[in-house]
Amino acid sequence: MTAEYEISKDDLNAFNLYHHRHSPTARRQYLRSWFVPAFIWLLVCTGIWYLADRERGTPLRTFFDLLPLFSGVPFYLLYFPWAYRRKLRRIVDGMVGEGQNRGLFGRHRVTISSDGVTDSSEHGQTSTAWRAVERVAAADEHAYIYINALVAIIVPRRAFAGPSEFDEFVRTARRHHEKVVA
């Protein structure tokens, strides 16, 4: 089974977002970066509230006076996911801009067979046996054949005539991979 397509920066960004959402290490880092600063900010606000209230003796009034300070916590929790995705895109765009990446972008032809997966472009060809493939994953618009924990062959849905062909490609790749892994 074969797919032909062109890889774009959007495909690369989609892969990195997918990988960061599904990698246990990246997920832990993401959650830590999301909640630890909010928790620290909440502790600081509570400490200020406690110290300010000791002089006044009116906890509810002091809380309402400090409400703008406390409101930073939910705003941060809402803002962080958007900012994280934006930052990740910028990092990927910056790293892609560091080189010519001739083998990464451009026309690709991915062929899967019972022996393995082959990724061909005008700049080279890579063949990987199924026993060397880490996993086969699928998202809404892409399939990812992980060659190792950090690198995957990206196959966009648009490479196929319809959704059934894309789904069949993913099922076939998983079936070949599971035969070797099992």
# chains A, B, ... in the order shown; residues from 1 in each chain; ligands from 1
>>> select_by_dssp(residues="range 61-166 of chain A", states="helix (DSSP H, G or I)", output="MDAnalysis selection string")
chainID A and resid 61:65 67:70 72:96 130:132 157:159 163:166
>>> select_by_dssp(residues="chain A", states="strand (DSSP E or B)", output="ChimeraX atom specification")
/A:2-7,106-112,116-121,124-129,135-138,142-146,152-156
>>> residues_around(residues="range 37-43 of chain A", least_positions_apart="3", cutoff="12 Å", atoms="only C-alpha atoms", output="list in words")
Tyr30, Leu31, Arg32, Ser33, Trp34, Thr46, Gly47, Ile48, Trp49, Tyr50, Leu66, Leu67, Leu69, Phe70, Ser71, Gly72, Val73, Pro74, Phe75, Tyr76, Leu77, Leu78, Tyr79 and Phe80 of chain A
>>> write_last_selection(atoms="N, CA and C atoms", output="compact mmCIF listing (two decimals), in the first residue's frame")
# COMPACT_ATOMS: atom_id res chain seq x y z
N TYR A 30 4.48 19.26 30.64
CA TYR A 30 3.39 20.18 30.32
C TYR A 30 2.52 20.43 31.55
N LEU A 31 2.10 19.36 32.21
CA LEU A 31 1.23 19.50 33.39
C LEU A 31 1.96 20.22 34.52
N ARG A 32 3.23 19.92 34.70
CA ARG A 32 4.03 20.60 35.72
C ARG A 32 4.11 22.09 35.42
N SER A 33 4.36 22.43 34.17
CA SER A 33 4.46 23.84 33.78
C SER A 33 3.12 24.56 33.86
N TRP A 34 2.06 23.81 33.74
CA TRP A 34 0.72 24.40 33.80
C TRP A 34 0.26 24.65 35.23
N THR A 46 -2.61 33.56 49.03
CA THR A 46 -3.16 33.15 50.33
C THR A 46 -2.31 33.70 51.46
N GLY A 47 -0.98 33.67 51.29
CA GLY A 47 -0.09 34.24 52.31
C GLY A 47 -0.31 35.73 52.48
N ILE A 48 -0.45 36.45 51.37
CA ILE A 48 -0.72 37.89 51.45
C ILE A 48 -2.07 38.13 52.12
N TRP A 49 -3.06 37.33 51.77
CA TRP A 49 -4.39 37.45 52.38
C TRP A 49 -4.30 37.23 53.89
N TYR A 50 -3.59 36.20 54.30
CA TYR A 50 -3.45 35.89 55.73
C TYR A 50 -2.76 37.05 56.45
N LEU A 66 -8.35 41.73 47.67
CA LEU A 66 -7.26 41.04 46.98
C LEU A 66 -7.73 40.20 45.79
N LEU A 67 -9.01 40.27 45.47
CA LEU A 67 -9.57 39.46 44.39
C LEU A 67 -8.85 39.67 43.05
N LEU A 69 -5.77 40.12 42.59
CA LEU A 69 -4.55 39.34 42.70
C LEU A 69 -4.85 37.84 42.54
N PHE A 70 -5.92 37.38 43.19
CA PHE A 70 -6.31 35.97 43.09
C PHE A 70 -6.78 35.61 41.68
N SER A 71 -7.38 36.58 40.97
CA SER A 71 -7.93 36.27 39.64
C SER A 71 -6.84 35.94 38.63
N GLY A 72 -5.59 36.20 38.95
CA GLY A 72 -4.50 35.82 38.05
C GLY A 72 -4.39 34.32 37.88
N VAL A 73 -4.79 33.55 38.89
CA VAL A 73 -4.68 32.08 38.83
C VAL A 73 -5.58 31.50 37.73
N PRO A 74 -6.89 31.77 37.72
CA PRO A 74 -7.70 31.18 36.64
C PRO A 74 -7.32 31.71 35.26
N PHE A 75 -6.92 32.98 35.18
CA PHE A 75 -6.50 33.52 33.89
C PHE A 75 -5.27 32.78 33.38
N TYR A 76 -4.32 32.50 34.27
CA TYR A 76 -3.12 31.76 33.87
C TYR A 76 -3.50 30.35 33.43
N LEU A 77 -4.39 29.69 34.18
CA LEU A 77 -4.78 28.32 33.83
C LEU A 77 -5.49 28.26 32.47
N LEU A 78 -6.22 29.30 32.11
CA LEU A 78 -6.87 29.35 30.81
C LEU A 78 -5.91 29.75 29.69
N TYR A 79 -4.97 30.62 30.00
CA TYR A 79 -4.03 31.15 29.00
C TYR A 79 -2.92 30.16 28.65
N PHE A 80 -2.47 29.38 29.59
CA PHE A 80 -1.29 28.53 29.41
C PHE A 80 -1.40 27.55 28.24
>>> closest_residue(among="A:Leu150, A:Val36, A:Ala173, A:Met1", to="His20 in chain A", atoms="only C-alpha atoms")
A:Leu150
>>> residues_around(residues="Thr126 in chain A", least_positions_apart="3", cutoff="10 Å", atoms="only C-alpha atoms", output="PyMOL selection string")
chain A and resi 110+117-121
>>> closest_residue(among="A:Phe160, A:Phe166, A:Phe35, A:Trp82", to="Ala138 in chain A", atoms="only C-alpha atoms")
A:Phe166
>>> closest_residue(among="A:Asp115, A:Glu98, A:Asp10, A:Asp93", to="Trp130 in chain A", atoms="only C-alpha atoms")
A:Asp115
>>> residues_around(residues="Leu12 in chain A", least_positions_apart="5", cutoff="8 Å", atoms="only C-alpha atoms", output="PyMOL selection string")
chain A and resi 7+92+154
>>> write_last_selection(atoms="N, CA, C and O atoms", output="short mmCIF file (atom, residue, chain, number, x, y, z; two decimals), in the first residue's frame")
data_model
loop_
_atom_site.label_atom_id
_atom_site.label_comp_id
_atom_site.auth_asym_id
_atom_site.auth_seq_id
_atom_site.Cartn_x
_atom_site.Cartn_y
_atom_site.Cartn_z
N ILE A 7 5.10 17.05 2.35
CA ILE A 7 5.15 17.43 3.77
C ILE A 7 5.28 18.95 3.86
O ILE A 7 6.07 19.55 3.13
N VAL A 92 9.39 24.88 16.76
CA VAL A 92 9.51 24.00 15.59
C VAL A 92 9.84 24.84 14.35
O VAL A 92 10.75 24.49 13.58
N ILE A 154 5.49 10.88 8.86
CA ILE A 154 4.21 11.58 8.90
C ILE A 154 3.47 11.30 7.60
O ILE A 154 3.99 11.57 6.52
#
>>> residues_around(residues="Gly94 in chain A", least_positions_apart="5", cutoff="12 Å", atoms="only C-alpha atoms", output="MDAnalysis selection string")
chainID A and resid 9 13 87:89 99
>>> closest_residue(among="A:Ile91, A:Asp140, A:Pro156, A:Leu60", to="Arg109 in chain A", atoms="only C-alpha atoms")
A:Pro156
>>> closest_residue(among="A:His177, A:Arg135, A:Gly106, A:Arg171", to="Asp11 in chain A", atoms="only C-alpha atoms")
A:Gly106
>>> residues_around(residues="Gly116 in chain A", least_positions_apart="4", cutoff="7 Å", atoms="only C-alpha atoms", output="NGL selection string")
:A and (112 or 127-130)
>>> closest_residue(among="A:Thr2, A:Arg107, A:Phe15, A:Asp53", to="Glu168 in chain A", atoms="only C-alpha atoms")
A:Thr2
